[in-house]
Amino acid sequence: MDLIGFGYAAFVTFGSIWAYKRRGGIPSLIAGLFLGVLAGYGAYRVSNDKRDVKLSLFTAFFLATMMGVRFKRSKKVMPAGLVAGLSLMMILRLVLLML
């Protein structure tokens with residue numbers, strides 16, 4: 001079972017809910033929930049086959065890119081820098097699983 005992947009998915013999902021409660025941004029809530037569900041499904045697929053990392057890799061790459069751009073623009077570690085950093089670590093982990 002890919003507990004790290006499921007934890008990452010839960011972090012993204014609950015982070016979007018928390019951000020919605022703080023700021024009230026509906027598009028961010030929808031995007032965060034969608035990406036959290038995608039990350040969760042990707043973790044489920046990795047749990048069944050360690051080499052099936054495409055969906056998880058895509059989700060982590062997308063989040064790393066988007067949040068990395070936000071971090072570069074705002075220079076705020078929380079939440080953009082944190083999510084970008086965790087996404088980069090997930091990408092590294094998933095690439096190592098493919099080897």
# chains A, B, ... in the order shown; residues from 1 in each chain; ligands from 1
call {"tool": "residues_around", "arguments": {"residues": "Ile4 of chain A", "least_positions_apart": "4", "cutoff": "9 Å", "atoms": "only C-alpha atoms", "output": "VMD selection string"}}
result
chain A and resid 8 to 9 43 90
call {"tool": "residues_around", "arguments": {"residues": "Gly36 of chain A", "least_positions_apart": "6", "cutoff": "9 Å", "atoms": "only C-alpha atoms", "output": "list in words"}}
result
Tyr8, Ala9, Ala10, Phe11, Val12, Thr13, Phe14, Ser16 and Thr59 of chain A
call {"tool": "write_last_selection", "arguments": {"atoms": "all heavy atoms", "output": "short mmCIF file (atom, residue, chain, number, x, y, z; two decimals), in the first residue's frame"}}
result
data_model
loop_
_atom_site.label_atom_id
_atom_site.label_comp_id
_atom_site.auth_asym_id
_atom_site.auth_seq_id
_atom_site.Cartn_x
_atom_site.Cartn_y
_atom_site.Cartn_z
N TYR A 8 0.08 12.17 0.77
CA TYR A 8 0.23 13.34 -0.11
C TYR A 8 -1.13 13.77 -0.66
O TYR A 8 -1.46 14.96 -0.67
CB TYR A 8 1.19 12.98 -1.25
CG TYR A 8 1.35 14.04 -2.30
CD1 TYR A 8 2.06 15.21 -2.05
CD2 TYR A 8 0.79 13.88 -3.57
CE1 TYR A 8 2.21 16.18 -3.03
CE2 TYR A 8 0.94 14.84 -4.54
CZ TYR A 8 1.66 15.99 -4.27
OH TYR A 8 1.80 16.95 -5.23
N ALA A 9 -1.95 12.80 -1.08
CA ALA A 9 -3.28 13.11 -1.59
C ALA A 9 -4.15 13.75 -0.51
O ALA A 9 -4.87 14.72 -0.77
CB ALA A 9 -3.94 11.84 -2.13
N ALA A 10 -4.07 13.23 0.71
CA ALA A 10 -4.84 13.80 1.81
C ALA A 10 -4.37 15.21 2.13
O ALA A 10 -5.19 16.11 2.39
CB ALA A 10 -4.73 12.91 3.04
N PHE A 11 -3.05 15.43 2.08
CA PHE A 11 -2.51 16.77 2.31
C PHE A 11 -3.04 17.77 1.30
O PHE A 11 -3.46 18.88 1.66
CB PHE A 11 -0.98 16.71 2.27
CG PHE A 11 -0.32 18.05 2.38
CD1 PHE A 11 -0.21 18.68 3.60
CD2 PHE A 11 0.18 18.67 1.25
CE1 PHE A 11 0.39 19.93 3.70
CE2 PHE A 11 0.79 19.91 1.33
CZ PHE A 11 0.89 20.54 2.56
N VAL A 12 -3.05 17.39 0.03
CA VAL A 12 -3.54 18.29 -1.03
C VAL A 12 -5.03 18.55 -0.84
O VAL A 12 -5.49 19.70 -0.92
CB VAL A 12 -3.26 17.69 -2.43
CG1 VAL A 12 -3.96 18.47 -3.52
CG2 VAL A 12 -1.76 17.65 -2.68
N THR A 13 -5.79 17.50 -0.55
CA THR A 13 -7.24 17.65 -0.41
C THR A 13 -7.59 18.52 0.80
O THR A 13 -8.37 19.48 0.68
CB THR A 13 -7.90 16.26 -0.26
OG1 THR A 13 -7.56 15.48 -1.40
CG2 THR A 13 -9.40 16.39 -0.16
N PHE A 14 -7.04 18.19 1.96
CA PHE A 14 -7.36 18.97 3.15
C PHE A 14 -6.77 20.37 3.10
O PHE A 14 -7.35 21.30 3.66
CB PHE A 14 -6.92 18.23 4.41
CG PHE A 14 -7.75 17.02 4.68
CD1 PHE A 14 -7.16 15.77 4.75
CD2 PHE A 14 -9.12 17.11 4.84
CE1 PHE A 14 -7.92 14.64 4.97
CE2 PHE A 14 -9.89 15.99 5.08
CZ PHE A 14 -9.29 14.75 5.15
N SER A 16 -6.66 22.19 0.39
CA SER A 16 -7.58 22.99 -0.41
C SER A 16 -8.81 23.38 0.40
O SER A 16 -9.33 24.48 0.27
CB SER A 16 -7.97 22.25 -1.69
OG SER A 16 -8.80 21.15 -1.39
N THR A 59 0.26 14.31 -11.64
CA THR A 59 -0.34 15.16 -10.62
C THR A 59 0.73 15.92 -9.84
O THR A 59 0.62 17.13 -9.63
CB THR A 59 -1.20 14.32 -9.66
OG1 THR A 59 -2.14 13.57 -10.42
CG2 THR A 59 -1.92 15.19 -8.67
#
call {"tool": "residues_around", "arguments": {"residues": "Ile17 of chain A", "least_positions_apart": "3", "cutoff": "12 Å", "atoms": "only C-alpha atoms", "output": "list in words"}}
result
Ala10, Phe11, Val12, Thr13, Phe14, Tyr20, Lys21, Arg22, Arg23, Gly24, Gly25, Ile26, Pro27, Ser28, Leu29, Ile30, Ala31, Gly32, Leu33, Phe34 and Gly36 of chain A
call {"tool": "closest_residue", "arguments": {"among": "A:Trp18, A:Leu82, A:Gly40, A:Ser87", "to": "Phe62 of chain A", "atoms": "only C-alpha atoms"}}
result
A:Ser87
call {"tool": "closest_residue", "arguments": {"among": "A:Ala39, A:Phe61, A:Ser56, A:Phe6", "to": "Leu88 of chain A", "atoms": "only C-alpha atoms"}}
result
A:Phe61
call {"tool": "residues_around", "arguments": {"residues": "Val95 of chain A", "least_positions_apart": "2", "cutoff": "12 Å", "atoms": "only C-alpha atoms", "output": "PyMOL selection string"}}
result
chain A and resi 50-54+56-58+60-61+88-93+97-99
call {"tool": "atom_distance", "arguments": {"atom1": "atom CA of Met1 of chain A", "atom2": "atom CA of Leu94 of chain A"}}
result
14.0 Å
call {"tool": "closest_residue", "arguments": {"among": "A:Lys75, A:Tyr41, A:Leu86, A:Ser47", "to": "Leu63 of chain A", "atoms": "only C-alpha atoms"}}
result
A:Leu86
call {"tool": "residues_around", "arguments": {"residues": "Ala80 of chain A", "least_positions_apart": "5", "cutoff": "7 Å", "atoms": "only C-alpha atoms", "output": "list in words"}}
result
Met67, Gly68, Arg70 and Phe71 of chain A
call {"tool": "closest_residue", "arguments": {"among": "A:Lys72, A:Met78, A:Ala19, A:Asp2", "to": "Asp49 of chain A", "atoms": "only C-alpha atoms"}}
result
A:Asp2
call {"tool": "closest_residue", "arguments": {"among": "A:Ala64, A:Leu38, A:Leu96, A:Val69", "to": "Val83 of chain A", "atoms": "only C-alpha atoms"}}
result
A:Ala64
call {"tool": "select_by_dssp", "arguments": {"residues": "chain A", "states": "alpha helix (DSSP H)", "output": "PyMOL selection string"}}
result
chain A and resi 3-23+26-48+54-74+82-98
call {"tool": "decode", "arguments": {"residues": "chain A", "atoms": "C-alpha atoms", "output": "JSON list (two decimals), in the first residue's frame"}}
result
[["chain", "number", "residue", "atom", "x", "y", "z"],
["A", 1, "MET", "CA", 0.00, 0.00, 0.00],
["A", 2, "ASP", "CA", 1.35, 3.42, -0.98],
["A", 3, "LEU", "CA", 0.90, 5.22, 2.34],
["A", 4, "ILE", "CA", 3.14, 8.11, 1.30],
["A", 5, "GLY", "CA", 1.06, 8.65, -1.83],
["A", 6, "PHE", "CA", -2.20, 8.53, 0.12],
["A", 7, "GLY", "CA", -0.77, 10.95, 2.67],
["A", 8, "TYR", "CA", 0.23, 13.34, -0.11],
["A", 9, "ALA", "CA", -3.28, 13.11, -1.59],
["A", 10, "ALA", "CA", -4.84, 13.80, 1.81],
["A", 11, "PHE", "CA", -2.51, 16.77, 2.31],
["A", 12, "VAL", "CA", -3.54, 18.29, -1.03],
["A", 13, "THR", "CA", -7.24, 17.65, -0.41],
["A", 14, "PHE", "CA", -7.36, 18.97, 3.15],
["A", 15, "GLY", "CA", -5.10, 21.85, 2.21],
["A", 16, "SER", "CA", -7.58, 22.99, -0.41],
["A", 17, "ILE", "CA", -10.44, 22.78, 2.10],
["A", 18, "TRP", "CA", -8.41, 24.74, 4.67],
["A", 19, "ALA", "CA", -7.52, 27.39, 2.08],
["A", 20, "TYR", "CA", -11.16, 27.69, 1.08],
["A", 21, "LYS", "CA", -12.17, 28.29, 4.69],
["A", 22, "ARG", "CA", -9.46, 30.95, 5.06],
["A", 23, "ARG", "CA", -9.85, 32.78, 1.75],
["A", 24, "GLY", "CA", -13.10, 31.56, 0.20],
["A", 25, "GLY", "CA", -11.77, 30.85, -3.30],
["A", 26, "ILE", "CA", -14.13, 28.44, -5.06],
["A", 27, "PRO", "CA", -11.82, 27.77, -8.08],
["A", 28, "SER", "CA", -8.93, 26.88, -5.77],
["A", 29, "LEU", "CA", -11.19, 24.57, -3.79],
["A", 30, "ILE", "CA", -12.38, 22.77, -6.93],
["A", 31, "ALA", "CA", -8.85, 22.47, -8.34],
["A", 32, "GLY", "CA", -7.45, 21.26, -5.01],
["A", 33, "LEU", "CA", -10.18, 18.68, -4.53],
["A", 34, "PHE", "CA", -9.78, 17.46, -8.12],
["A", 35, "LEU", "CA", -5.99, 17.17, -7.80],
["A", 36, "GLY", "CA", -6.33, 15.51, -4.40],
["A", 37, "VAL", "CA", -8.67, 12.89, -5.84],
["A", 38, "LEU", "CA", -6.30, 12.36, -8.79],
["A", 39, "ALA", "CA", -3.37, 11.95, -6.41],
["A", 40, "GLY", "CA", -5.39, 9.49, -4.33],
["A", 41, "TYR", "CA", -6.34, 7.44, -7.37],
["A", 42, "GLY", "CA", -2.72, 7.53, -8.50],
["A", 43, "ALA", "CA", -1.64, 6.24, -5.07],
["A", 44, "TYR", "CA", -4.22, 3.45, -5.38],
["A", 45, "ARG", "CA", -2.76, 2.49, -8.77],
["A", 46, "VAL", "CA", 0.78, 2.53, -7.37],
["A", 47, "SER", "CA", -0.43, 0.31, -4.52],
["A", 48, "ASN", "CA", -1.54, -2.28, -7.08],
["A", 49, "ASP", "CA", 1.49, -1.98, -9.37],
["A", 50, "LYS", "CA", 4.68, -0.23, -8.22],
["A", 51, "ARG", "CA", 5.58, 0.71, -11.79],
["A", 52, "ASP", "CA", 2.22, 2.34, -12.60],
["A", 53, "VAL", "CA", 3.25, 5.86, -11.60],
["A", 54, "LYS", "CA", 2.03, 7.88, -14.60],
["A", 55, "LEU", "CA", -1.01, 9.48, -12.96],
["A", 56, "SER", "CA", 0.77, 10.20, -9.68],
["A", 57, "LEU", "CA", 3.75, 11.62, -11.55],
["A", 58, "PHE", "CA", 1.52, 13.86, -13.68],
["A", 59, "THR", "CA", -0.34, 15.16, -10.62],
["A", 60, "ALA", "CA", 2.84, 15.86, -8.65],
["A", 61, "PHE", "CA", 4.48, 17.51, -11.68],
["A", 62, "PHE", "CA", 1.44, 19.72, -12.29],
["A", 63, "LEU", "CA", 1.28, 20.80, -8.64],
["A", 64, "ALA", "CA", 5.04, 21.38, -8.46],
["A", 65, "THR", "CA", 4.88, 23.58, -11.56],
["A", 66, "MET", "CA", 1.84, 25.61, -10.55],
["A", 67, "MET", "CA", 2.82, 26.09, -6.93],
["A", 68, "GLY", "CA", 6.46, 26.71, -7.87],
["A", 69, "VAL", "CA", 5.36, 29.60, -10.08],
["A", 70, "ARG", "CA", 3.19, 30.94, -7.24],
["A", 71, "PHE", "CA", 6.08, 30.61, -4.80],
["A", 72, "LYS", "CA", 8.46, 32.42, -7.15],
["A", 73, "ARG", "CA", 5.94, 35.23, -7.58],
["A", 74, "SER", "CA", 4.88, 35.62, -3.94],
["A", 75, "LYS", "CA", 8.01, 34.43, -2.06],
["A", 76, "LYS", "CA", 5.65, 32.91, 0.56],
["A", 77, "VAL", "CA", 6.67, 29.52, 1.87],
["A", 78, "MET", "CA", 3.18, 28.77, 3.11],
["A", 79, "PRO", "CA", 1.37, 27.27, 1.19],
["A", 80, "ALA", "CA", 2.96, 27.58, -2.26],
["A", 81, "GLY", "CA", 6.53, 26.75, -1.27],
["A", 82, "LEU", "CA", 5.45, 23.85, 0.94],
["A", 83, "VAL", "CA", 3.27, 22.24, -1.73],
["A", 84, "ALA", "CA", 5.91, 22.79, -4.42],
["A", 85, "GLY", "CA", 8.59, 21.21, -2.21],
["A", 86, "LEU", "CA", 6.43, 18.22, -1.29],
["A", 87, "SER", "CA", 5.49, 17.75, -4.93],
["A", 88, "LEU", "CA", 9.15, 17.76, -5.96],
["A", 89, "MET", "CA", 9.87, 15.11, -3.32],
["A", 90, "MET", "CA", 6.96, 13.04, -4.64],
["A", 91, "ILE", "CA", 8.36, 13.32, -8.18],
["A", 92, "LEU", "CA", 11.76, 12.11, -6.94],
["A", 93, "ARG", "CA", 10.13, 9.21, -5.07],
["A", 94, "LEU", "CA", 8.05, 8.19, -8.07],
["A", 95, "VAL", "CA", 11.03, 8.32, -10.43],
["A", 96, "LEU", "CA", 12.95, 6.09, -8.02],
["A", 97, "LEU", "CA", 10.01, 3.65, -7.98],
["A", 98, "MET", "CA", 10.22, 3.41, -11.78],
["A", 99, "LEU", "CA", 13.88, 2.29, -11.65]]
